[in-house]
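Below you'll find the structure, written out as structure tokens, and then a few comments.
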Amino acid sequence: MRKLLFVIAFILGTTQFIAQDFRERDKQLHFAAGTIAGAFGYYMHQNEFGRVPQSHSILAGLATGFAAGTAKELFDTAIQGEKFDTEDLAATILGSFTVSVVIPLARTERKRFKQRKRRPKSNRKCYKP
């Protein structure tokens, strides 16, 4: 129930942002790049550190998306002479946040069955007619 409420709140919160700012093609590309960077960061953190809390992997995905978005905007500012666009950075971070939150929700837990202990063999001989 808690996950469902979180997903509903997340969807309702992001629709306002999407409706206003994602009309431009550039914002859509930044969102897509953020999802790729966030998935990469999440996946690499899970592979590198194994069994860690999900929140650590989500933060790793967010940090990767933030780093990729900031690097792109700094590249635009320094090399191409454009201004630092915080809306592009926000779209990149939102993409990385989206994928970092959706991965744990979509992941299914594998049920691990306990192996039964076998009964020890008895030394008694069984009756055989």
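Residues are referred to by chain and number: the chain letter is A, B, ... according to the order shown in the structure tokens, the number counts from 1 in that chain, and ligands are numbered separately from 1 in the order shown.
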Nearby residues (only C-alpha atoms) at most 10 Å from Val101 of chain A, same-chain spacing under 6 positions excluded, as a PyMOL selection string: chain A and resi 7+10+38-39+42+54-55+57-59+61-62
Save the residues we just selected, all heavy atoms, as a PDB file, in the first residue's frame?
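Result file follows (again.pdb):
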ATOM      1  N   VAL A   7       3.959   5.801  -5.581  1.00  0.00           N
ATOM      2  CA  VAL A   7       3.923   5.855  -7.044  1.00  0.00           C
ATOM      3  C   VAL A   7       2.875   6.857  -7.516  1.00  0.00           C
ATOM      4  O   VAL A   7       3.128   7.655  -8.435  1.00  0.00           O
ATOM      5  CB  VAL A   7       3.656   4.450  -7.631  1.00  0.00           C
ATOM      6  CG1 VAL A   7       3.375   4.522  -9.116  1.00  0.00           C
ATOM      7  CG2 VAL A   7       4.838   3.542  -7.369  1.00  0.00           C
ATOM      8  N   PHE A  10       4.165  10.334  -6.895  1.00  0.00           N
ATOM      9  CA  PHE A  10       5.247  10.632  -7.832  1.00  0.00           C
ATOM     10  C   PHE A  10       4.691  10.970  -9.216  1.00  0.00           C
ATOM     11  O   PHE A  10       5.116  11.936  -9.850  1.00  0.00           O
ATOM     12  CB  PHE A  10       6.208   9.447  -7.924  1.00  0.00           C
ATOM     13  CG  PHE A  10       7.298   9.643  -8.930  1.00  0.00           C
ATOM     14  CD1 PHE A  10       8.313  10.537  -8.685  1.00  0.00           C
ATOM     15  CD2 PHE A  10       7.290   8.945 -10.118  1.00  0.00           C
ATOM     16  CE1 PHE A  10       9.313  10.733  -9.614  1.00  0.00           C
ATOM     17  CE2 PHE A  10       8.283   9.127 -11.049  1.00  0.00           C
ATOM     18  CZ  PHE A  10       9.297  10.027 -10.791  1.00  0.00           C
ATOM     19  N   GLY A  38      20.946   7.299 -15.208  1.00  0.00           N
ATOM     20  CA  GLY A  38      20.458   6.791 -13.930  1.00  0.00           C
ATOM     21  C   GLY A  38      20.450   5.272 -13.875  1.00  0.00           C
ATOM     22  O   GLY A  38      20.823   4.676 -12.860  1.00  0.00           O
ATOM     23  N   ALA A  39      20.035   4.639 -14.962  1.00  0.00           N
ATOM     24  CA  ALA A  39      20.044   3.175 -15.012  1.00  0.00           C
ATOM     25  C   ALA A  39      21.472   2.646 -14.944  1.00  0.00           C
ATOM     26  O   ALA A  39      21.747   1.648 -14.274  1.00  0.00           O
ATOM     27  CB  ALA A  39      19.355   2.682 -16.283  1.00  0.00           C
ATOM     28  N   TYR A  42      22.706   3.076 -11.304  1.00  0.00           N
ATOM     29  CA  TYR A  42      22.034   2.101 -10.440  1.00  0.00           C
ATOM     30  C   TYR A  42      22.618   0.711 -10.647  1.00  0.00           C
ATOM     31  O   TYR A  42      22.954   0.009  -9.695  1.00  0.00           O
ATOM     32  CB  TYR A  42      20.538   2.102 -10.744  1.00  0.00           C
ATOM     33  CG  TYR A  42      19.723   1.232  -9.827  1.00  0.00           C
ATOM     34  CD1 TYR A  42      19.144   1.769  -8.692  1.00  0.00           C
ATOM     35  CD2 TYR A  42      19.524  -0.113 -10.086  1.00  0.00           C
ATOM     36  CE1 TYR A  42      18.393   0.979  -7.837  1.00  0.00           C
ATOM     37  CE2 TYR A  42      18.792  -0.906  -9.244  1.00  0.00           C
ATOM     38  CZ  TYR A  42      18.227  -0.359  -8.125  1.00  0.00           C
ATOM     39  OH  TYR A  42      17.490  -1.154  -7.284  1.00  0.00           O
ATOM     40  N   GLN A  54      18.442  -0.497  -0.976  1.00  0.00           N
ATOM     41  CA  GLN A  54      17.972   0.070  -2.241  1.00  0.00           C
ATOM     42  C   GLN A  54      18.197   1.573  -2.297  1.00  0.00           C
ATOM     43  O   GLN A  54      18.433   2.130  -3.364  1.00  0.00           O
ATOM     44  CB  GLN A  54      16.480  -0.229  -2.435  1.00  0.00           C
ATOM     45  CG  GLN A  54      16.177  -1.679  -2.684  1.00  0.00           C
ATOM     46  CD  GLN A  54      16.697  -2.161  -4.013  1.00  0.00           C
ATOM     47  OE1 GLN A  54      16.808  -1.406  -4.966  1.00  0.00           O
ATOM     48  NE2 GLN A  54      17.031  -3.426  -4.085  1.00  0.00           N
ATOM     49  N   SER A  55      18.114   2.232  -1.142  1.00  0.00           N
ATOM     50  CA  SER A  55      18.284   3.682  -1.135  1.00  0.00           C
ATOM     51  C   SER A  55      19.679   4.087  -1.596  1.00  0.00           C
ATOM     52  O   SER A  55      19.845   5.116  -2.248  1.00  0.00           O
ATOM     53  CB  SER A  55      18.007   4.239   0.258  1.00  0.00           C
ATOM     54  OG  SER A  55      18.923   3.687   1.199  1.00  0.00           O
ATOM     55  N   SER A  57      21.481   2.532  -3.883  1.00  0.00           N
ATOM     56  CA  SER A  57      21.495   2.413  -5.343  1.00  0.00           C
ATOM     57  C   SER A  57      20.690   3.520  -6.001  1.00  0.00           C
ATOM     58  O   SER A  57      21.062   4.023  -7.058  1.00  0.00           O
ATOM     59  CB  SER A  57      20.959   1.047  -5.761  1.00  0.00           C
ATOM     60  OG  SER A  57      21.759   0.028  -5.225  1.00  0.00           O
ATOM     61  N   ILE A  58      19.583   3.913  -5.380  1.00  0.00           N
ATOM     62  CA  ILE A  58      18.782   5.020  -5.925  1.00  0.00           C
ATOM     63  C   ILE A  58      19.598   6.303  -5.904  1.00  0.00           C
ATOM     64  O   ILE A  58      19.618   7.065  -6.878  1.00  0.00           O
ATOM     65  CB  ILE A  58      17.467   5.174  -5.143  1.00  0.00           C
ATOM     66  CG1 ILE A  58      16.548   3.990  -5.439  1.00  0.00           C
ATOM     67  CG2 ILE A  58      16.761   6.476  -5.496  1.00  0.00           C
ATOM     68  CD1 ILE A  58      15.314   3.924  -4.572  1.00  0.00           C
ATOM     69  N   LEU A  59      20.302   6.543  -4.808  1.00  0.00           N
ATOM     70  CA  LEU A  59      21.147   7.737  -4.724  1.00  0.00           C
ATOM     71  C   LEU A  59      22.297   7.682  -5.724  1.00  0.00           C
ATOM     72  O   LEU A  59      22.688   8.713  -6.278  1.00  0.00           O
ATOM     73  CB  LEU A  59      21.687   7.902  -3.305  1.00  0.00           C
ATOM     74  CG  LEU A  59      20.652   8.328  -2.264  1.00  0.00           C
ATOM     75  CD1 LEU A  59      21.273   8.359  -0.880  1.00  0.00           C
ATOM     76  CD2 LEU A  59      20.064   9.676  -2.614  1.00  0.00           C
ATOM     77  N   GLY A  61      22.138   6.244  -8.678  1.00  0.00           N
ATOM     78  CA  GLY A  61      21.524   6.583  -9.965  1.00  0.00           C
ATOM     79  C   GLY A  61      21.268   8.074 -10.089  1.00  0.00           C
ATOM     80  O   GLY A  61      21.505   8.673 -11.142  1.00  0.00           O
ATOM     81  N   LEU A  62      20.791   8.683  -9.005  1.00  0.00           N
ATOM     82  CA  LEU A  62      20.567  10.136  -9.012  1.00  0.00           C
ATOM     83  C   LEU A  62      21.871  10.899  -9.186  1.00  0.00           C
ATOM     84  O   LEU A  62      21.936  11.875  -9.934  1.00  0.00           O
ATOM     85  CB  LEU A  62      19.908  10.569  -7.703  1.00  0.00           C
ATOM     86  CG  LEU A  62      18.407  10.504  -7.655  1.00  0.00           C
ATOM     87  CD1 LEU A  62      17.916  10.782  -6.249  1.00  0.00           C
ATOM     88  CD2 LEU A  62      17.807  11.483  -8.614  1.00  0.00           C
TER      89      LEU A  62
END
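The space separating atom CA of Ala71 of chain A from atom CA of Leu105 of chain A comes to 28.8 Å.
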message: I'd like the contact shell of segment 80-93 of chain A - 9 Å cut-off, only C-alpha atoms, skipping same-chain residues fewer than 2 positions apart - returned as an NGL selection string.
response: :A and (17-18 or 21-22 or 26-35 or 37-38 or 62-66 or 68-70 or 72-78 or 95-98)
field: Between atom CA of Ile36 of chain A and atom CA of Gly50 of chain A - distance in Å to one decimal
entry: 20.5 Å
Pairwise distance for atom CA of Glu48 of chain A and atom CA of Ala60 of chain A, rounded to one decimal in Å: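 Going from atom CA of Glu48 of chain A over to atom CA of Ala60 of chain A, I get 11.4 Å.
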